[in-house]
Amino acid sequence: MNATLETNQLRQLDQQHHLHPFTDFRDYAANGGRIVSRAEHIYIYDSDGNKIQDAMSGLWCCSLGYSQDGIKKAVADQLMELPFYNNFFKCSNQPAVELATRLCDMAPANFNKVFFTNSGSEANDTQIKFVHRYYELLGKPSKRLIISRKNAYHGSTIAAASLGGMSTMHEQTQGLDYIRHIEQPYWFELGGDMSPDEFGLWAANELTKKIDELGEDNIAAFIAEPIQGAGGVIIPPDTYWPAVQKILDERDILFISDEVICGFGRTGNLFGFQTYETKPDLITFAKAVTNGYMPLGGSLVSDKVADVLLGHGGEFAHGLTYSGHPASCAAGLATMDVLQNTSILESSANDLAPYFAQALESLVDHPVVGQVRAKGLVAAVELVKDKGSRERLAPESGGAVYTRDRAIENGLMVRQTGDAMIMSPPFVTSTEEVDALVSKLTLALDKTAAFYNVK
């Protein structure tokens, strides 16, 4: 009785005082939501006692699940020793120094500098400042334009949202005028009669066309996620990234690989750009760097860029109070310990990921499933009304939203983006738990087919 009363009070207070991210404020104030009270392994528990399998790793970040006691202890110990001091005024702290060193050691040999932020959004804001400062110091101030892709997600600050290609975000906030967008490599949505390989080359050529339109002398950088995560797990055709890299090799344009979702093992390699064999000049990271236990993001800066920034001198007029926060960096170090000193990355890439992809493939014959796509431990199930024409299930009312809600009722936390069900399960998920994931998702798809009368 007390627990129920406490839950109701929490919900009421939450509705009265708490504005949530990416939420319809009026709807939430009227209807409220779920209070998550604890988590263990790959499960979250709400204040009503419901146990829910988390197939989203929190928000792409808790790749090692919720029971990593070594990370928790590292944070607690650090708070007892040095809970905070800033990294301004020529100061540093041991966890920040050690994590910067560790990340550079793990990255390709030409990356030897790190700038810490609190999130991926702030890290991408920082990338803009890096590329503009780089070309300013080289005496090329006209190179300020940055090319991104439609339906990309690079964060939600004004600068990061401008980099992204989410139309709803652009409708609410006027974007920065030096960012341009090209078409995304989304074959299922845009490929038409082209084969995936043909479409991959077509999508890559969109970058060439935009460079020719704007002029190479005016373009500073191209930013892209290896796989567009929040955009719907858009896995590019195999021909796409080699063609894009060839375009960039031939031009004086920096490449920013946004690894906020793909980084630290999600695609089967430490970074997504390694999976696709691209060669970034700047790497954006966040989320899984601390397993989601503490906020931390940042930029890995290549020697090509860092040598110019350091060689010309002058203050880099940018910083954040919590850059290199000692407790966050302690969490990062403990997370890297798990990734480097256990077999978790190898087993997730070689054993769990193939099992996950094969299990999901069993859904391709379901009446409302148009495509299943997976890379490493990230996947999407695309929903349709008609498989042949790829007609969407219910774009006006969000058929995938209905499926998501049914999945959560079944004890499975997945996410809906557009007409796709997307997921990124923790690396510590067992094969039996993958089977449970697919079983619960199948039940939600069955209810969706019945609701929309698709046979």
# chains A, B, ... in the order shown; residues from 1 in each chain; ligands from 1
call {"tool": "residues_around", "arguments": {"residues": "Lys129 in chain A", "least_positions_apart": "4", "cutoff": "10 Å", "atoms": "only C-alpha atoms", "output": "CSV table (one decimal) with all heavy atoms, in the first residue's frame"}}
result
chain,number,residue,atom,x,y,z
A,123,ALA,N,30.1,17.4,-27.6
A,123,ALA,CA,31.3,16.9,-28.3
A,123,ALA,C,31.2,17.4,-29.8
A,123,ALA,O,32.2,17.8,-30.4
A,123,ALA,CB,31.4,15.4,-28.2
A,124,ASN,N,30.0,17.3,-30.4
A,124,ASN,CA,29.8,17.7,-31.8
A,124,ASN,C,29.9,19.2,-31.9
A,124,ASN,O,30.3,19.7,-32.9
A,124,ASN,CB,28.6,17.1,-32.4
A,124,ASN,CG,28.8,15.7,-32.8
A,124,ASN,OD1,29.9,15.3,-33.3
A,124,ASN,ND2,27.8,14.8,-32.7
A,125,ASP,N,29.4,19.9,-30.9
A,125,ASP,CA,29.6,21.4,-30.9
A,125,ASP,C,31.1,21.7,-30.9
A,125,ASP,O,31.6,22.6,-31.6
A,125,ASP,CB,29.0,22.0,-29.6
A,125,ASP,CG,27.5,22.1,-29.7
A,125,ASP,OD1,26.9,21.4,-30.5
A,125,ASP,OD2,26.9,22.9,-28.9
A,133,ARG,N,38.5,26.4,-36.4
A,133,ARG,CA,39.8,26.9,-35.9
A,133,ARG,C,40.9,26.4,-36.8
A,133,ARG,O,41.9,27.1,-37.1
A,133,ARG,CB,40.0,26.5,-34.5
A,133,ARG,CG,41.3,26.9,-33.8
A,133,ARG,CD,41.4,28.4,-33.7
A,133,ARG,NE,42.5,28.8,-32.9
A,133,ARG,CZ,43.1,30.0,-32.9
A,133,ARG,NH1,42.6,30.9,-33.6
A,133,ARG,NH2,44.1,30.2,-32.1
A,134,TYR,N,40.8,25.1,-37.2
A,134,TYR,CA,41.8,24.5,-38.0
A,134,TYR,C,42.0,25.2,-39.3
A,134,TYR,O,43.2,25.6,-39.7
A,134,TYR,CB,41.4,23.0,-38.3
A,134,TYR,CG,42.2,22.3,-39.3
A,134,TYR,CD1,43.5,21.7,-38.9
A,134,TYR,CD2,41.8,22.1,-40.6
A,134,TYR,CE1,44.2,21.0,-39.8
A,134,TYR,CE2,42.5,21.4,-41.5
A,134,TYR,CZ,43.8,20.8,-41.1
A,134,TYR,OH,44.5,20.1,-42.0
A,316,PHE,N,42.4,28.4,-27.4
A,316,PHE,CA,41.2,27.8,-28.0
A,316,PHE,C,40.0,28.2,-27.1
A,316,PHE,O,39.9,27.7,-26.0
A,316,PHE,CB,41.3,26.3,-28.1
A,316,PHE,CG,40.2,25.6,-28.7
A,316,PHE,CD1,39.7,25.9,-30.0
A,316,PHE,CD2,39.5,24.6,-28.0
A,316,PHE,CE1,38.6,25.2,-30.5
A,316,PHE,CE2,38.4,23.9,-28.5
A,316,PHE,CZ,38.0,24.2,-29.8
A,317,ALA,N,39.2,29.1,-27.5
A,317,ALA,CA,38.2,29.7,-26.7
A,317,ALA,C,36.9,28.9,-26.5
A,317,ALA,O,35.9,29.2,-27.1
A,317,ALA,CB,37.8,31.1,-27.2
A,318,HIS,N,37.1,27.8,-25.8
A,318,HIS,CA,36.0,26.8,-25.7
A,318,HIS,C,36.2,26.0,-24.4
A,318,HIS,O,37.4,25.6,-24.2
A,318,HIS,CB,35.9,26.0,-26.9
A,318,HIS,CG,34.8,24.9,-26.8
A,318,HIS,ND1,33.5,25.1,-26.8
A,318,HIS,CD2,35.0,23.5,-26.7
A,318,HIS,CE1,32.8,24.0,-26.7
A,318,HIS,NE2,33.7,23.0,-26.7
call {"tool": "closest_atom_pairs", "arguments": {"of": "range 358-387 of chain A", "to": "range 49-65 of chain A", "cutoff": "12 Å", "atoms": "only C-alpha atoms", "output": "CSV"}}
result
residue,atom,partner,partner_atom,distance
A:Leu377,CA,A:Ser63,CA,9.5
A:Val378,CA,A:Met56,CA,9.0
A:Ala379,CA,A:Met56,CA,10.2
A:Ala380,CA,A:Met56,CA,11.4
call {"tool": "select_by_dssp", "arguments": {"residues": "range 150-285 of chain A", "states": "strand (DSSP E)", "output": "ChimeraX atom specification"}}
result
/A:179-182,219-224,254-258,282-285
call {"tool": "residues_around", "arguments": {"residues": "range 236-238 of chain A", "least_positions_apart": "4", "cutoff": "10 Å", "atoms": "only C-alpha atoms", "output": "MDAnalysis selection string"}}
result
chainID A and resid 184:187 195:201 203:204 226:228 242:243 276
call {"tool": "closest_residue", "arguments": {"among": "A:Gly70, A:Gly120, A:Gly398, A:Gly376", "to": "Ile283 in chain A", "atoms": "only C-alpha atoms"}}
result
A:Gly120
call {"tool": "residues_around", "arguments": {"residues": "Thr267 in chain A", "least_positions_apart": "3", "cutoff": "8 Å", "atoms": "only C-alpha atoms", "output": "list in words"}}
result
Cys262, Gly263, Leu270, Phe271, Gly272, Thr275, Ala349, Lys375, Gly376, Leu377 and Val378 of chain A
call {"tool": "write_last_selection", "arguments": {"atoms": "C-alpha atoms", "output": "PDB file, in the first residue's frame"}}
result
ATOM      1  CA  CYS A 262      28.631   2.928 -32.663  1.00  0.00           C
ATOM      2  CA  GLY A 263      31.705   3.428 -30.489  1.00  0.00           C
ATOM      3  CA  LEU A 270      35.951  -0.836 -31.063  1.00  0.00           C
ATOM      4  CA  PHE A 271      34.713   1.935 -33.373  1.00  0.00           C
ATOM      5  CA  GLY A 272      32.247   1.910 -36.244  1.00  0.00           C
ATOM      6  CA  THR A 275      34.053  -1.764 -39.166  1.00  0.00           C
ATOM      7  CA  ALA A 349      31.155  -9.772 -31.933  1.00  0.00           C
ATOM      8  CA  LYS A 375      25.142  -5.036 -37.820  1.00  0.00           C
ATOM      9  CA  GLY A 376      26.941  -6.177 -34.718  1.00  0.00           C
ATOM     10  CA  LEU A 377      24.539  -5.625 -31.826  1.00  0.00           C
ATOM     11  CA  VAL A 378      22.353  -2.962 -33.362  1.00  0.00           C
TER      12      VAL A 378
END
call {"tool": "closest_atom_pairs", "arguments": {"of": "range 89-163 of chain A", "to": "range 295-303 of chain A", "cutoff": "8 Å", "atoms": "only C-alpha atoms", "output": "JSON lines"}}
result
{"residue": "A:Cys104", "atom": "CA", "partner": "A:Leu300", "partner_atom": "CA", "distance": 7.6}
{"residue": "A:Asn110", "atom": "CA", "partner": "A:Ser302", "partner_atom": "CA", "distance": 5.5}
{"residue": "A:Phe111", "atom": "CA", "partner": "A:Ser302", "partner_atom": "CA", "distance": 4.3}
{"residue": "A:Asn112", "atom": "CA", "partner": "A:Ser302", "partner_atom": "CA", "distance": 6.5}
{"residue": "A:Lys113", "atom": "CA", "partner": "A:Val301", "partner_atom": "CA", "distance": 5.2}
{"residue": "A:Val114", "atom": "CA", "partner": "A:Leu300", "partner_atom": "CA", "distance": 4.7}
{"residue": "A:Phe115", "atom": "CA", "partner": "A:Ser299", "partner_atom": "CA", "distance": 5.2}
{"residue": "A:Phe116", "atom": "CA", "partner": "A:Gly298", "partner_atom": "CA", "distance": 4.2}
{"residue": "A:Thr117", "atom": "CA", "partner": "A:Gly297", "partner_atom": "CA", "distance": 4.8}
{"residue": "A:Asn118", "atom": "CA", "partner": "A:Leu296", "partner_atom": "CA", "distance": 4.2}
{"residue": "A:Ser119", "atom": "CA", "partner": "A:Gly297", "partner_atom": "CA", "distance": 4.4}
{"residue": "A:Gly120", "atom": "CA", "partner": "A:Gly297", "partner_atom": "CA", "distance": 5.4}
{"residue": "A:Glu122", "atom": "CA", "partner": "A:Gly297", "partner_atom": "CA", "distance": 7.6}
{"residue": "A:Ala123", "atom": "CA", "partner": "A:Gly298", "partner_atom": "CA", "distance": 4.9}
{"residue": "A:Asn124", "atom": "CA", "partner": "A:Ser299", "partner_atom": "CA", "distance": 7.8}
{"residue": "A:Thr126", "atom": "CA", "partner": "A:Ser299", "partner_atom": "CA", "distance": 7.5}
{"residue": "A:Gln127", "atom": "CA", "partner": "A:Ser299", "partner_atom": "CA", "distance": 7.0}
call {"tool": "residues_around", "arguments": {"residues": "His17 in chain A", "least_positions_apart": "4", "cutoff": "10 Å", "atoms": "only C-alpha atoms", "output": "ChimeraX atom specification"}}
result
/A:12-13,29
call {"tool": "residues_around", "arguments": {"residues": "Gly229 in chain A", "least_positions_apart": "4", "cutoff": "9 Å", "atoms": "only C-alpha atoms", "output": "list in words"}}
result
Trp60, Ala152, Tyr153, Glu225, Val233, Ile234, Ile235, Ile261, Cys262, Val378 and Ile422 of chain A
call {"tool": "residues_around", "arguments": {"residues": "Leu248 in chain A", "least_positions_apart": "2", "cutoff": "12 Å", "atoms": "only C-alpha atoms", "output": "mmCIF file with C-alpha atoms, in the first residue's frame"}}
result
data_model
loop_
_atom_site.group_PDB
_atom_site.id
_atom_site.type_symbol
_atom_site.label_atom_id
_atom_site.label_comp_id
_atom_site.auth_asym_id
_atom_site.auth_seq_id
_atom_site.Cartn_x
_atom_site.Cartn_y
_atom_site.Cartn_z
ATOM 1 C CA ILE A 147 28.019 18.712 -44.841
ATOM 2 C CA ALA A 204 27.760 8.405 -52.021
ATOM 3 C CA ASN A 205 27.586 10.468 -55.190
ATOM 4 C CA LEU A 207 28.322 13.969 -51.457
ATOM 5 C CA THR A 208 30.215 14.635 -54.692
ATOM 6 C CA ILE A 211 30.796 19.454 -52.918
ATOM 7 C CA GLU A 216 35.531 22.569 -52.166
ATOM 8 C CA ILE A 219 33.675 23.213 -47.239
ATOM 9 C CA ALA A 220 35.354 22.433 -43.928
ATOM 10 C CA ALA A 221 34.059 18.976 -43.024
ATOM 11 C CA PHE A 222 31.722 16.067 -43.609
ATOM 12 C CA ILE A 223 30.143 14.518 -40.484
ATOM 13 C CA TRP A 241 31.496 3.880 -47.306
ATOM 14 C CA PRO A 242 34.309 2.874 -49.698
ATOM 15 C CA ALA A 243 32.910 5.321 -52.254
ATOM 16 C CA VAL A 244 32.552 8.097 -49.651
ATOM 17 C CA GLN A 245 36.096 7.564 -48.401
ATOM 18 C CA LYS A 246 37.423 7.785 -51.962
ATOM 19 C CA GLU A 250 40.547 13.348 -53.178
ATOM 20 C CA ARG A 251 39.507 16.559 -51.423
ATOM 21 C CA ASP A 252 40.668 18.931 -48.684
ATOM 22 C CA ILE A 253 37.703 18.224 -46.400
ATOM 23 C CA LEU A 254 37.899 16.925 -42.821
ATOM 24 C CA PHE A 255 35.892 13.842 -41.884
ATOM 25 C CA ILE A 256 34.168 13.635 -38.485
ATOM 26 C CA THR A 278 37.041 4.737 -43.096
ATOM 27 C CA LYS A 279 39.690 7.259 -42.030
ATOM 28 C CA PRO A 280 38.301 10.072 -39.858
ATOM 29 C CA ASP A 281 40.179 13.188 -38.803
#
call {"tool": "select_by_dssp", "arguments": {"residues": "range 309-433 of chain A", "states": "alpha helix (DSSP H)", "output": "JSON, numbers by chain"}}
result
{"A": [309, 310, 311, 326, 327, 328, 329, 330, 331, 332, 333, 334, 335, 336, 337, 338, 339, 340, 341, 344, 345, 346, 347, 353, 354, 355, 356, 357, 358, 359, 360, 361, 399, 400, 401, 402, 403, 404, 405, 406, 407, 408, 409, 431, 432, 433]}
call {"tool": "closest_residue", "arguments": {"among": "A:Thr335, A:Gln371, A:Asn291, A:Ser347", "to": "Leu103 in chain A", "atoms": "only C-alpha atoms"}}
result
A:Thr335
call {"tool": "atom_distance", "arguments": {"atom1": "CA of Leu443 in chain A", "atom2": "CA of Thr429 in chain A"}}
result
20.0 Å
